[in-house]
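In what follows, a single structure is set out as structure tokens and then discussed.
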Amino acid sequence: MVVMIFLIVTVPIAFISPATGEIREHPFIPLFYLAIVGISVIIIYSSYKDRKQRQKDNIKRRSKK
């Protein structure tokens, strides 16, 4: 969760200078794309993990009958 927050904060930092608050003339495009990829990886991994847990729970529930 903490990593996700840092990645979300990184997206505007790529376009806005934190020191002055002004829009950068040359934004850090690699930083922007890395943050987007990081957010995507976290979302995909968490949904994969949840799906696997649900499958285990379903198997356990079905075997009790």
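Order determines the names: the first chain of the structure tokens is A, the second B, and so forth; residues in each chain are numbered 1 upward, and ligands are numbered 1 upward as they are shown.
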Can you pull out every residue within 9 Å of Met4 (chain A), counting only C-alpha atoms, but drop anything in the same chain fewer than 6 positions away, and send it as a PyMOL selection string? chain A and resi 38-39+42
Using the selection just defined, write its residues with N, CA and C atoms as a PDB file, in the first residue's frame.
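Result written to out.pdb:
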```
ATOM      1  N   GLY A  38       4.630   0.440 -12.561  1.00  0.00           N
ATOM      2  CA  GLY A  38       4.633  -0.039 -11.177  1.00  0.00           C
ATOM      3  C   GLY A  38       3.228  -0.174 -10.618  1.00  0.00           C
ATOM      4  N   ILE A  39       2.384   0.803 -10.865  1.00  0.00           N
ATOM      5  CA  ILE A  39       0.995   0.744 -10.409  1.00  0.00           C
ATOM      6  C   ILE A  39       0.281  -0.433 -11.060  1.00  0.00           C
ATOM      7  N   ILE A  42       1.414  -3.783  -9.498  1.00  0.00           N
ATOM      8  CA  ILE A  42       0.826  -3.989  -8.172  1.00  0.00           C
ATOM      9  C   ILE A  42      -0.633  -4.408  -8.288  1.00  0.00           C
TER      10      ILE A  42
END
```
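Shell of Ile16 (chain A) at 10 Å, with only C-alpha atoms counted and residues fewer than 5 places along the chain excluded, is A:Thr10, A:Val11, A:Gly21, A:Glu22, A:Ile23, A:Arg24, A:Glu25, A:His26, A:Pro27, A:Phe28.
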For the residues in the current selection, export N, CA and C atoms as an mmCIF file, in the first residue's frame.
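Written file, part26.cif:
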```
data_model
loop_
_atom_site.group_PDB
_atom_site.id
_atom_site.type_symbol
_atom_site.label_atom_id
_atom_site.label_comp_id
_atom_site.auth_asym_id
_atom_site.auth_seq_id
_atom_site.Cartn_x
_atom_site.Cartn_y
_atom_site.Cartn_z
ATOM 1 N N THR A 10 4.381 9.944 -7.552
ATOM 2 C CA THR A 10 5.448 10.114 -8.538
ATOM 3 C C THR A 10 4.921 10.627 -9.868
ATOM 4 N N VAL A 11 3.714 10.270 -10.231
ATOM 5 C CA VAL A 11 3.166 10.670 -11.536
ATOM 6 C C VAL A 11 3.143 12.188 -11.690
ATOM 7 N N GLY A 21 6.943 24.298 -7.859
ATOM 8 C CA GLY A 21 5.523 24.126 -8.107
ATOM 9 C C GLY A 21 5.108 24.454 -9.519
ATOM 10 N N GLU A 22 6.069 24.726 -10.371
ATOM 11 C CA GLU A 22 5.766 25.066 -11.767
ATOM 12 C C GLU A 22 5.848 23.822 -12.637
ATOM 13 N N ILE A 23 5.177 23.887 -13.773
ATOM 14 C CA ILE A 23 5.225 22.777 -14.725
ATOM 15 C C ILE A 23 6.607 22.757 -15.365
ATOM 16 N N ARG A 24 7.171 21.553 -15.433
ATOM 17 C CA ARG A 24 8.520 21.412 -16.014
ATOM 18 C C ARG A 24 8.484 21.647 -17.524
ATOM 19 N N GLU A 25 9.527 22.287 -18.012
ATOM 20 C CA GLU A 25 9.634 22.498 -19.458
ATOM 21 C C GLU A 25 9.896 21.169 -20.160
ATOM 22 N N HIS A 26 10.764 20.342 -19.546
ATOM 23 C CA HIS A 26 11.075 19.012 -20.070
ATOM 24 C C HIS A 26 10.715 17.992 -18.990
ATOM 25 N N PRO A 27 9.526 17.414 -19.082
ATOM 26 C CA PRO A 27 9.106 16.474 -18.032
ATOM 27 C C PRO A 27 9.930 15.187 -18.072
ATOM 28 N N PHE A 28 9.955 14.501 -16.928
ATOM 29 C CA PHE A 28 10.666 13.226 -16.821
ATOM 30 C C PHE A 28 9.727 12.115 -17.297
#
```
I need the residue nearest Ser46 (chain A) from this list: A:Ala19, A:Leu7, A:Met1, A:Asn58. Use only C-alpha atoms for the distance. A:Met1
From a backbone DSSP assignment, name each residue in region 2-50 of chain A labelled alpha helix (DSSP H), as an MDAnalysis selection string. chainID A and resid 2:13 29:50
Could the residues in this selection be saved with N, CA and C atoms as an mmCIF file, in the first residue's frame?
```cif
data_model
loop_
_atom_site.group_PDB
_atom_site.id
_atom_site.type_symbol
_atom_site.label_atom_id
_atom_site.label_comp_id
_atom_site.auth_asym_id
_atom_site.auth_seq_id
_atom_site.Cartn_x
_atom_site.Cartn_y
_atom_site.Cartn_z
ATOM 1 N N VAL A 2 1.937 1.227 0.788
ATOM 2 C CA VAL A 2 2.832 2.387 0.855
ATOM 3 C C VAL A 2 3.517 2.608 -0.494
ATOM 4 N N VAL A 3 3.917 1.518 -1.125
ATOM 5 C CA VAL A 3 4.567 1.631 -2.439
ATOM 6 C C VAL A 3 3.596 2.216 -3.448
ATOM 7 N N MET A 4 2.340 1.786 -3.380
ATOM 8 C CA MET A 4 1.324 2.309 -4.304
ATOM 9 C C MET A 4 1.157 3.816 -4.124
ATOM 10 N N ILE A 5 1.161 4.287 -2.897
ATOM 11 C CA ILE A 5 1.031 5.722 -2.634
ATOM 12 C C ILE A 5 2.215 6.481 -3.213
ATOM 13 N N PHE A 6 3.426 5.949 -3.032
ATOM 14 C CA PHE A 6 4.602 6.604 -3.598
ATOM 15 C C PHE A 6 4.533 6.656 -5.123
ATOM 16 N N LEU A 7 4.060 5.596 -5.737
ATOM 17 C CA LEU A 7 3.954 5.587 -7.196
ATOM 18 C C LEU A 7 2.906 6.582 -7.687
ATOM 19 N N ILE A 8 1.803 6.699 -6.965
ATOM 20 C CA ILE A 8 0.772 7.665 -7.354
ATOM 21 C C ILE A 8 1.287 9.091 -7.225
ATOM 22 N N VAL A 9 2.079 9.365 -6.197
ATOM 23 C CA VAL A 9 2.650 10.701 -6.004
ATOM 24 C C VAL A 9 3.724 10.987 -7.053
ATOM 25 N N THR A 10 4.381 9.944 -7.552
ATOM 26 C CA THR A 10 5.448 10.114 -8.538
ATOM 27 C C THR A 10 4.921 10.627 -9.868
ATOM 28 N N VAL A 11 3.714 10.270 -10.231
ATOM 29 C CA VAL A 11 3.166 10.670 -11.536
ATOM 30 C C VAL A 11 3.143 12.188 -11.690
ATOM 31 N N PRO A 12 2.585 12.968 -10.749
ATOM 32 C CA PRO A 12 2.627 14.425 -10.934
ATOM 33 C C PRO A 12 4.034 15.008 -10.798
ATOM 34 N N ILE A 13 4.893 14.360 -10.016
ATOM 35 C CA ILE A 13 6.268 14.867 -9.861
ATOM 36 C C ILE A 13 7.005 14.828 -11.190
ATOM 37 N N ILE A 29 9.714 11.898 -18.599
ATOM 38 C CA ILE A 29 8.819 10.901 -19.193
ATOM 39 C C ILE A 29 9.144 9.487 -18.701
ATOM 40 N N PRO A 30 10.406 9.071 -18.589
ATOM 41 C CA PRO A 30 10.679 7.719 -18.068
ATOM 42 C C PRO A 30 10.150 7.526 -16.643
ATOM 43 N N LEU A 31 10.239 8.553 -15.812
ATOM 44 C CA LEU A 31 9.711 8.471 -14.455
ATOM 45 C C LEU A 31 8.197 8.268 -14.473
ATOM 46 N N PHE A 32 7.522 8.961 -15.358
ATOM 47 C CA PHE A 32 6.072 8.816 -15.502
ATOM 48 C C PHE A 32 5.700 7.391 -15.905
ATOM 49 N N TYR A 33 6.373 6.874 -16.941
ATOM 50 C CA TYR A 33 6.049 5.528 -17.409
ATOM 51 C C TYR A 33 6.415 4.460 -16.380
ATOM 52 N N LEU A 34 7.501 4.639 -15.659
ATOM 53 C CA LEU A 34 7.865 3.680 -14.614
ATOM 54 C C LEU A 34 6.824 3.655 -13.496
ATOM 55 N N ALA A 35 6.305 4.805 -13.151
ATOM 56 C CA ALA A 35 5.261 4.855 -12.122
ATOM 57 C C ALA A 35 3.996 4.155 -12.606
ATOM 58 N N ILE A 36 3.613 4.376 -13.852
ATOM 59 C CA ILE A 36 2.422 3.728 -14.415
ATOM 60 C C ILE A 36 2.610 2.218 -14.459
ATOM 61 N N VAL A 37 3.784 1.766 -14.877
ATOM 62 C CA VAL A 37 4.069 0.327 -14.925
ATOM 63 C C VAL A 37 4.052 -0.259 -13.515
ATOM 64 N N GLY A 38 4.630 0.440 -12.561
ATOM 65 C CA GLY A 38 4.633 -0.039 -11.177
ATOM 66 C C GLY A 38 3.228 -0.174 -10.618
ATOM 67 N N ILE A 39 2.384 0.803 -10.865
ATOM 68 C CA ILE A 39 0.995 0.744 -10.409
ATOM 69 C C ILE A 39 0.281 -0.433 -11.060
ATOM 70 N N SER A 40 0.506 -0.627 -12.346
ATOM 71 C CA SER A 40 -0.129 -1.738 -13.061
ATOM 72 C C SER A 40 0.320 -3.080 -12.503
ATOM 73 N N VAL A 41 1.602 -3.227 -12.238
ATOM 74 C CA VAL A 41 2.128 -4.484 -11.706
ATOM 75 C C VAL A 41 1.519 -4.782 -10.341
ATOM 76 N N ILE A 42 1.414 -3.783 -9.498
ATOM 77 C CA ILE A 42 0.826 -3.989 -8.172
ATOM 78 C C ILE A 42 -0.633 -4.408 -8.288
ATOM 79 N N ILE A 43 -1.394 -3.778 -9.156
ATOM 80 C CA ILE A 43 -2.808 -4.116 -9.329
ATOM 81 C C ILE A 43 -2.963 -5.521 -9.885
ATOM 82 N N ILE A 44 -2.178 -5.870 -10.893
ATOM 83 C CA ILE A 44 -2.265 -7.200 -11.504
ATOM 84 C C ILE A 44 -1.857 -8.277 -10.504
ATOM 85 N N TYR A 45 -0.787 -8.046 -9.757
ATOM 86 C CA TYR A 45 -0.327 -9.036 -8.782
ATOM 87 C C TYR A 45 -1.348 -9.236 -7.667
ATOM 88 N N SER A 46 -1.925 -8.154 -7.171
ATOM 89 C CA SER A 46 -2.894 -8.294 -6.086
ATOM 90 C C SER A 46 -4.155 -9.007 -6.564
ATOM 91 N N SER A 47 -4.599 -8.744 -7.787
ATOM 92 C CA SER A 47 -5.774 -9.446 -8.297
ATOM 93 C C SER A 47 -5.459 -10.921 -8.539
ATOM 94 N N TYR A 48 -4.248 -11.235 -8.979
ATOM 95 C CA TYR A 48 -3.827 -12.626 -9.170
ATOM 96 C C TYR A 48 -3.812 -13.358 -7.827
ATOM 97 N N LYS A 49 -3.257 -12.713 -6.807
ATOM 98 C CA LYS A 49 -3.171 -13.312 -5.482
ATOM 99 C C LYS A 49 -4.571 -13.539 -4.900
ATOM 100 N N ASP A 50 -5.456 -12.585 -5.063
ATOM 101 C CA ASP A 50 -6.830 -12.731 -4.574
ATOM 102 C C ASP A 50 -7.563 -13.861 -5.295
#
```
